[in-house]
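coords.txt follows; it contains compact mmCIF, C-alpha atoms.
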# COMPACT_ATOMS: atom_id res chain seq x y z
CA MET A 239 52.14 6.15 -47.55
CA ILE A 240 52.10 4.28 -44.26
CA GLN A 241 52.29 7.56 -42.31
CA LYS A 242 49.36 9.01 -44.31
CA ASN A 243 47.20 5.96 -43.58
CA GLN A 244 48.06 6.17 -39.91
CA PHE A 245 47.10 9.86 -39.88
CA SER A 246 43.77 9.10 -41.60
CA ALA A 247 43.03 6.31 -39.12
CA THR A 248 43.89 8.53 -36.18
CA ARG A 249 41.65 11.32 -37.51
CA ALA A 250 38.77 8.85 -37.98
CA LEU A 251 39.27 7.58 -34.43
CA TRP A 252 39.10 11.13 -33.05
CA ARG A 253 35.91 11.77 -35.01
CA SER A 254 34.34 8.60 -33.60
CA ALA A 255 35.35 9.55 -30.08
CA ALA A 256 33.90 13.03 -30.53
CA LEU A 257 30.63 11.53 -31.78
CA VAL A 258 30.41 9.20 -28.78
CA ALA A 259 31.07 12.12 -26.44
CA LEU A 260 28.27 14.12 -28.03
CA VAL A 261 25.86 11.20 -27.70
CA LEU A 262 26.78 10.68 -24.05
CA ALA A 263 26.40 14.37 -23.35
CA GLY A 264 22.93 14.28 -24.88
CA VAL A 265 21.96 11.31 -22.72
CA LEU A 266 23.19 13.02 -19.58
CA LEU A 267 21.45 16.26 -20.40
CA SER A 268 18.20 14.53 -21.24
CA GLY A 269 18.46 12.58 -17.97
CA GLN A 270 18.48 15.85 -16.06
CA THR A 271 15.08 16.83 -17.43
CA LYS A 272 13.47 13.45 -18.10
CA PRO A 273 14.02 10.91 -15.27
CA ILE A 274 14.00 7.24 -16.15
CA PRO A 275 10.50 5.88 -15.34
CA ARG A 276 10.17 3.28 -12.62
CA LYS A 277 9.10 -0.21 -13.60
CA ALA A 278 5.33 -0.71 -13.51
CA GLN A 279 4.16 -3.01 -10.73
CA ARG A 280 1.06 -5.22 -10.63
CA VAL A 281 0.59 -6.36 -7.06
CA LEU A 282 -1.90 -8.89 -5.73
CA PHE A 283 -2.72 -8.85 -2.00
CA VAL A 284 -3.82 -12.14 -0.42
CA GLY A 285 -4.90 -11.93 3.21
CA ASN A 286 -7.67 -11.19 5.66
CA SER A 287 -9.22 -8.12 7.31
CA LEU A 288 -5.80 -6.79 8.35
CA THR A 289 -5.21 -6.30 4.63
CA TYR A 290 -8.58 -4.96 3.54
CA ALA A 291 -9.21 -2.69 6.56
CA ASN A 292 -9.30 0.95 5.45
CA GLN A 293 -8.64 -0.14 1.85
CA MET A 294 -4.93 -0.47 2.61
CA PRO A 295 -3.93 -1.74 -0.88
CA LEU A 296 -5.55 1.35 -2.39
CA ILE A 297 -3.54 3.54 -0.02
CA VAL A 298 -0.36 1.93 -1.39
CA GLU A 299 -1.63 2.63 -4.90
CA ALA A 300 -2.37 6.27 -4.05
CA LEU A 301 1.08 6.76 -2.50
CA ALA A 302 2.65 5.45 -5.69
CA LYS A 303 0.49 7.72 -7.83
CA SER A 304 1.52 10.74 -5.77
CA LYS A 305 5.13 10.15 -6.87
CA GLY A 306 4.41 9.19 -10.45
CA ASP A 307 5.10 5.49 -9.89
CA ARG A 308 3.00 3.06 -11.89
CA LEU A 309 1.15 0.59 -9.68
CA GLU A 310 -1.95 -1.52 -10.16
CA VAL A 311 -3.32 -3.43 -7.16
CA SER A 312 -5.86 -6.17 -6.68
CA SER A 313 -6.89 -8.20 -3.62
CA VAL A 314 -8.29 -11.57 -2.64
CA THR A 315 -9.24 -11.46 1.05
CA LEU A 316 -11.27 -13.50 3.48
CA GLY A 317 -12.16 -12.29 6.96
CA GLY A 318 -10.43 -14.23 9.75
CA ALA A 319 -8.59 -16.48 7.30
CA ASN A 320 -5.07 -17.84 7.51
CA LEU A 321 -3.09 -18.86 4.43
CA GLU A 322 -4.36 -22.44 4.57
CA ASP A 323 -7.96 -21.16 4.50
CA LEU A 324 -7.15 -18.93 1.55
CA TRP A 325 -5.49 -21.83 -0.27
CA ARG A 326 -8.44 -24.15 0.26
CA ASP A 327 -10.94 -21.45 -0.70
CA GLY A 328 -9.31 -21.39 -4.14
CA ALA A 329 -10.09 -17.80 -5.19
CA ALA A 330 -6.56 -16.60 -4.45
CA LEU A 331 -5.01 -19.43 -6.45
CA ARG A 332 -7.24 -18.70 -9.43
CA GLU A 333 -6.23 -15.04 -9.33
CA ILE A 334 -2.54 -15.89 -9.04
CA ASP A 335 -2.79 -18.31 -11.95
CA ARG A 336 -4.17 -15.53 -14.19
CA GLY A 337 -0.61 -14.20 -14.22
CA GLY A 338 0.69 -10.76 -15.02
CA TRP A 339 1.64 -10.01 -11.42
CA THR A 340 5.03 -8.71 -10.38
CA VAL A 341 4.50 -9.32 -6.65
CA VAL A 342 1.98 -11.34 -4.64
CA VAL A 343 1.69 -10.23 -1.00
CA LEU A 344 0.75 -12.87 1.59
CA GLN A 345 -0.68 -12.16 5.06
CA GLN A 346 -2.31 -14.12 7.84
CA GLY A 347 -2.77 -13.37 11.55
CA PRO A 348 0.06 -12.43 13.92
CA SER A 349 1.38 -16.02 13.93
CA SER A 350 3.27 -15.54 17.18
CA LEU A 351 2.59 -19.05 18.50
CA LEU A 352 4.88 -21.87 17.42
CA GLU A 353 2.11 -23.82 15.67
CA SER A 354 0.99 -20.68 13.85
CA ARG A 355 4.56 -20.01 12.74
CA VAL A 356 4.84 -23.53 11.35
CA ASP A 357 1.54 -23.02 9.53
CA LEU A 358 2.62 -19.65 8.10
CA ARG A 359 5.90 -21.04 6.80
CA LYS A 360 4.30 -24.16 5.30
CA TRP A 361 1.59 -22.35 3.38
CA THR A 362 3.89 -19.53 2.33
CA LYS A 363 6.04 -22.18 0.62
CA ASN A 364 2.98 -23.68 -1.08
CA PHE A 365 1.81 -20.30 -2.32
CA ALA A 366 5.33 -19.34 -3.42
CA GLN A 367 5.48 -22.28 -5.82
CA ARG A 368 2.33 -21.07 -7.58
CA ILE A 369 3.53 -17.47 -7.51
CA ARG A 370 6.88 -18.35 -9.08
CA LYS A 371 5.12 -20.27 -11.87
CA VAL A 372 3.63 -17.00 -13.13
CA LYS A 373 7.02 -15.26 -12.80
CA ALA A 374 5.98 -13.13 -9.84
CA ARG A 375 7.76 -12.72 -6.53
CA PRO A 376 6.21 -13.68 -3.18
CA ALA A 377 6.14 -11.11 -0.40
CA LEU A 378 5.14 -11.20 3.26
CA TYR A 379 3.17 -8.42 4.92
CA MET A 380 4.13 -8.55 8.59
CA VAL A 381 1.30 -7.50 10.88
CA TRP A 382 1.13 -7.04 14.69
CA PRO A 383 -0.36 -8.71 17.78
CA ASP A 384 -3.51 -7.39 19.44
CA LYS A 385 -3.10 -4.77 22.14
CA THR A 386 -3.29 -7.30 24.98
CA ARG A 387 -0.33 -9.26 23.56
CA LEU A 388 2.27 -6.58 22.86
CA ALA A 389 4.92 -8.76 24.52
CA TYR A 390 4.65 -11.09 21.50
CA PHE A 391 5.78 -8.52 18.94
CA ASP A 392 9.21 -10.15 18.59
CA ASP A 393 7.57 -13.51 17.87
CA VAL A 394 5.35 -12.00 15.18
CA SER A 395 8.35 -10.34 13.57
CA LEU A 396 10.37 -13.56 13.64
CA SER A 397 7.55 -15.61 12.10
CA TYR A 398 7.19 -13.33 9.12
CA THR A 399 10.94 -12.87 8.71
CA LEU A 400 11.46 -16.64 8.57
CA ALA A 401 8.58 -17.14 6.13
CA ALA A 402 9.98 -14.50 3.78
CA ALA A 403 13.49 -15.93 3.99
CA ASP A 404 12.18 -19.46 3.29
CA VAL A 405 11.01 -18.42 -0.17
CA ASP A 406 13.51 -15.63 -0.91
CA GLY A 407 10.56 -13.28 -0.75
CA MET A 408 10.14 -9.63 0.01
CA LEU A 409 9.27 -8.59 3.57
CA PHE A 410 7.16 -5.54 4.38
CA PRO A 411 7.75 -4.99 8.13
CA ALA A 412 4.58 -3.02 8.88
CA GLY A 413 4.41 -4.28 12.47
CA GLU A 414 7.94 -3.07 13.09
CA ALA A 415 6.93 0.30 11.63
CA TRP A 416 4.17 0.45 14.27
CA ARG A 417 6.74 -0.16 17.00
CA ALA A 418 9.05 2.47 15.58
CA ALA A 419 6.13 4.92 15.55
CA TRP A 420 5.37 4.26 19.22
CA ARG A 421 9.00 4.86 20.13
CA ARG A 422 8.57 8.34 18.67
CA ASP A 423 5.01 8.92 19.86
CA PRO A 424 3.68 6.44 22.46
CA GLY A 425 0.18 7.78 21.86
CA ALA A 426 0.14 7.24 18.10
CA PRO A 427 -3.40 5.89 17.39
CA LEU A 428 -2.59 2.84 15.27
CA TYR A 429 -5.24 0.44 16.56
CA ALA A 430 -8.93 0.70 15.72
CA GLY A 431 -11.52 0.49 18.48
CA ASP A 432 -11.25 -3.30 18.81
CA ASP A 433 -7.52 -3.04 19.70
CA PHE A 434 -6.56 -5.41 16.92
CA HIS A 435 -7.52 -4.07 13.51
CA PRO A 436 -5.66 -1.00 12.24
CA SER A 437 -6.98 2.52 12.43
CA VAL A 438 -6.62 4.67 9.33
CA ALA A 439 -3.22 5.76 10.68
CA GLY A 440 -2.29 2.12 11.24
CA SER A 441 -3.17 1.18 7.66
CA TYR A 442 -1.35 4.27 6.38
CA THR A 443 1.77 3.10 8.24
CA ALA A 444 1.52 -0.37 6.69
CA ALA A 445 1.04 1.16 3.24
CA LEU A 446 4.13 3.33 3.71
CA SER A 447 6.23 0.28 4.50
CA ILE A 448 4.92 -1.62 1.49
CA TYR A 449 5.33 1.28 -0.92
CA GLY A 450 8.86 2.00 0.32
CA ILE A 451 10.03 -1.57 -0.26
CA LEU A 452 8.23 -2.01 -3.59
CA PHE A 453 9.69 1.08 -5.21
CA ARG A 454 12.71 1.76 -2.97
CA ARG A 455 11.51 5.30 -2.56
CA PRO A 456 12.11 7.71 0.35
CA LEU A 457 8.97 8.13 2.46
CA GLN A 458 9.50 11.56 3.97
CA GLY A 459 7.26 14.20 2.47
CA LEU A 460 4.60 11.85 1.08
CA PRO A 461 1.03 13.18 1.23
CA ALA A 462 -0.93 12.82 4.46
CA ARG A 463 -4.22 13.15 2.57
CA LEU A 464 -4.84 10.78 -0.33
CA GLN A 465 -7.68 10.37 -2.79
CA LEU A 466 -8.17 6.63 -3.35
CA SER A 467 -9.20 5.11 -6.64
CA ASP A 468 -12.57 4.03 -5.20
CA GLY A 469 -13.43 7.67 -4.49
CA SER A 470 -12.78 7.57 -0.74
CA VAL A 471 -10.22 9.72 1.07
CA THR A 472 -7.51 8.71 3.55
CA ASP A 473 -6.59 11.60 5.81
CA VAL A 474 -3.91 11.49 8.52
CA PRO A 475 -2.92 14.59 10.54
CA PRO A 476 0.24 16.00 8.91
CA ALA A 477 2.38 15.90 12.07
CA LEU A 478 1.40 12.28 12.70
CA ALA A 479 2.04 11.41 9.04
CA THR A 480 5.58 12.76 9.36
CA THR A 481 6.17 10.55 12.41
CA LEU A 482 4.78 7.51 10.61
CA GLN A 483 6.95 8.15 7.56
CA GLU A 484 10.05 8.31 9.75
CA ALA A 485 8.99 5.12 11.54
CA ALA A 486 8.33 3.17 8.35
CA THR A 487 11.69 4.29 6.96
CA GLU A 488 13.46 2.98 10.07
CA ALA A 489 11.61 -0.33 10.00
CA ASN A 490 12.25 -0.88 6.29
CA GLN A 491 15.95 -0.20 6.72
CA LYS A 492 16.33 -2.54 9.71
CA PHE A 493 13.92 -5.34 8.88
CA GLY A 494 12.73 -5.06 5.28
CA ARG A 495 13.62 -7.44 2.47
CA PRO A 496 13.45 -5.76 -0.97
If you convert what's in this file into structure tokens, what do you get?
Amino acid sequence: MIQKNQFSATRALWRSAALVALVLAGVLLSGQTKPIPRKAQRVLFVGNSLTYANQMPLIVEALAKSKGDRLEVSSVTLGGANLEDLWRDGAALREIDRGGWTVVVLQQGPSSLLESRVDLRKWTKNFAQRIRKVKARPALYMVWPDKTRLAYFDDVSLSYTLAAADVDGMLFPAGEAWRAAWRRDPGAPLYAGDDFHPSVAGSYTAALSIYGILFRRPLQGLPARLQLSDGSVTDVPPALATTLQEAATEANQKFGRP
């Protein structure tokens, strides 16, 4: 009788194992044809004209759409403002407090000078407290110096890196992506006519860096021409777009904080 019970238990165990194997096989097979969807992101951009030039947040949104990633963006910007100005203006805080964001991206000027670095770090910490209250993550969008101050690139990079580390935030190293692009193509037209604001290619480079960190996606092969949600079109020459994708990939790997 004991042997019969053992046999029955063993047979039941084999049946259970076979059932589990079939279920796992079905999961694996379905995974081959139906990839797991990426988490939806709701991203708020807080900054100045270096953010809103060329509708950069909408370029990030269009890049995500081109790969089937779910992204909703919104912006609160103020021309010429630093983070203290944006804090005192109040509109950014009201938008943050509405909640529902996954990431809030902060940006001010290059912040290469010591006093500007101190200011960036102080107000990043203040913003981060409000951002964390709505269960979002702070992020820093590193920019670049104007064309007459290229020697200060390292200082800009350090300022934003420190500010991101202070709050355990994400870092989008767009400025470093510009430098990586110039190492590949010294004539890459990343500045607009005023030698400070980004050209369309410059904003496209920044958007690549941001998209790559947000979704941890490869950047090679992304579209060079994008239809934005406001009806406008961003169009970068394909060969240049390939260079910028390589550059943003390098910068994200070396300097980015996911």
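The spacing separating atom CA of Val284 of chain A from atom CA of Tyr429 of chain A amounts to 21.2 Å.
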Hey, can I get the axis-aligned box for segment 422-430 of chain A? All listed atoms, 8 Å padding on each side, centre and edge lengths in Å to one decimal, as JSON.
{"center_x": -0.2, "center_y": 4.7, "center_z": 18.9, "size_x": 33.5, "size_y": 24.5, "size_z": 23.2}
*Pick out the closest residue to Leu321 of chain A from this set: A:Asp393, A:Asp357, A:Asp473, A:Asp432. Count all atoms listed in the file.*
A:Asp357
*Dig up all the protein and nucleic acid residues within 6 Å of (9.1, -10.6, 9.1) in the file frame, using all atoms listed in the file, and format them as a PyMOL selection string.*
chain A and resi 380+395-396+398-399+409+411
What does the file look like for those residues with C-alpha atoms, as a short mmCIF file (atom, residue, chain, number, x, y, z; two decimals), keeping the file's coordinate frame?
data_model
loop_
_atom_site.label_atom_id
_atom_site.label_comp_id
_atom_site.auth_asym_id
_atom_site.auth_seq_id
_atom_site.Cartn_x
_atom_site.Cartn_y
_atom_site.Cartn_z
CA MET A 380 4.13 -8.55 8.59
CA SER A 395 8.35 -10.34 13.57
CA LEU A 396 10.37 -13.56 13.64
CA TYR A 398 7.19 -13.33 9.12
CA THR A 399 10.94 -12.87 8.71
CA LEU A 409 9.27 -8.59 3.57
CA PRO A 411 7.75 -4.99 8.13
#
*Closest of A:Leu388, A:Pro456, A:Arg326, A:Arg375 to Trp420 of chain A - atom-to-atom distances counting all atoms listed in the file*: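 Comparing A:Leu388, A:Pro456, A:Arg326, A:Arg375 against Trp420 of chain A, the winner is A:Leu388.
Considering the residues A:Ala302, A:Ala412, A:Ile448, A:Val342 and counting only C-alpha atoms, Phe365 of chain A has its shortest atom-to-atom contact with A:Val342.
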*What does the distance between atom CA of Pro461 of chain A and atom CA of Trp382 of chain A come to in Å, to one decimal place?*
24.3 Å
*Please check which residues have atoms at most 6 Å from (-6.0, -10.0, -8.6) in the file's coordinates, counting all atoms listed in the file, and write them as a count of residues only.*
4
Could you give me, as CSV, every segment 316-394 of chain A residue with an atom at most 12 Å from segment 475-493 of chain A, plus its closest atom pair and distance in Å to one decimal, counting all atoms listed in the file, rows ordered by chain then number?
residue,atom,partner,partner_atom,distance
A:Leu378,CA,A:Phe493,CA,12.0
A:Tyr379,CA,A:Phe493,CA,11.9
A:Met380,CA,A:Phe493,CA,10.3
A:Asp392,CA,A:Phe493,CA,11.8
*Using all atoms listed in the file, which of the listed residues (A:Gln458, A:Ser470, A:Ser447, A:Ser304) sits closest to Pro496 of chain A?*
A:Ser447
*Name the closest residue to His435 of chain A among the candidates A:Asp404, A:Asp384, A:Asp423, A:Glu353; distances are taken between atoms, counting all atoms listed in the file.*
A:Asp384
*Rounded to one decimal in Å, what is the spacing between atom CA of Glu322 of chain A and atom CA of Glu299 of chain A?*
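Interatomic distance, atom CA of Glu322 of chain A to atom CA of Glu299 of chain A: 26.9 Å.
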*Which residue gives the smallest distance to Ser441 of chain A among A:Pro295, A:Gly328, A:Pro383, A:Gly469, with all atoms listed in the file counted?*
A:Pro295
*Neighbour list for segment 464-468 of chain A as a list in words, cut-off 7 Å, only C-alpha atoms, skip fewer than 5 positions in-chain*: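 Selected residues are Leu296, Ile297, Ala300 and Asp473 of chain A.
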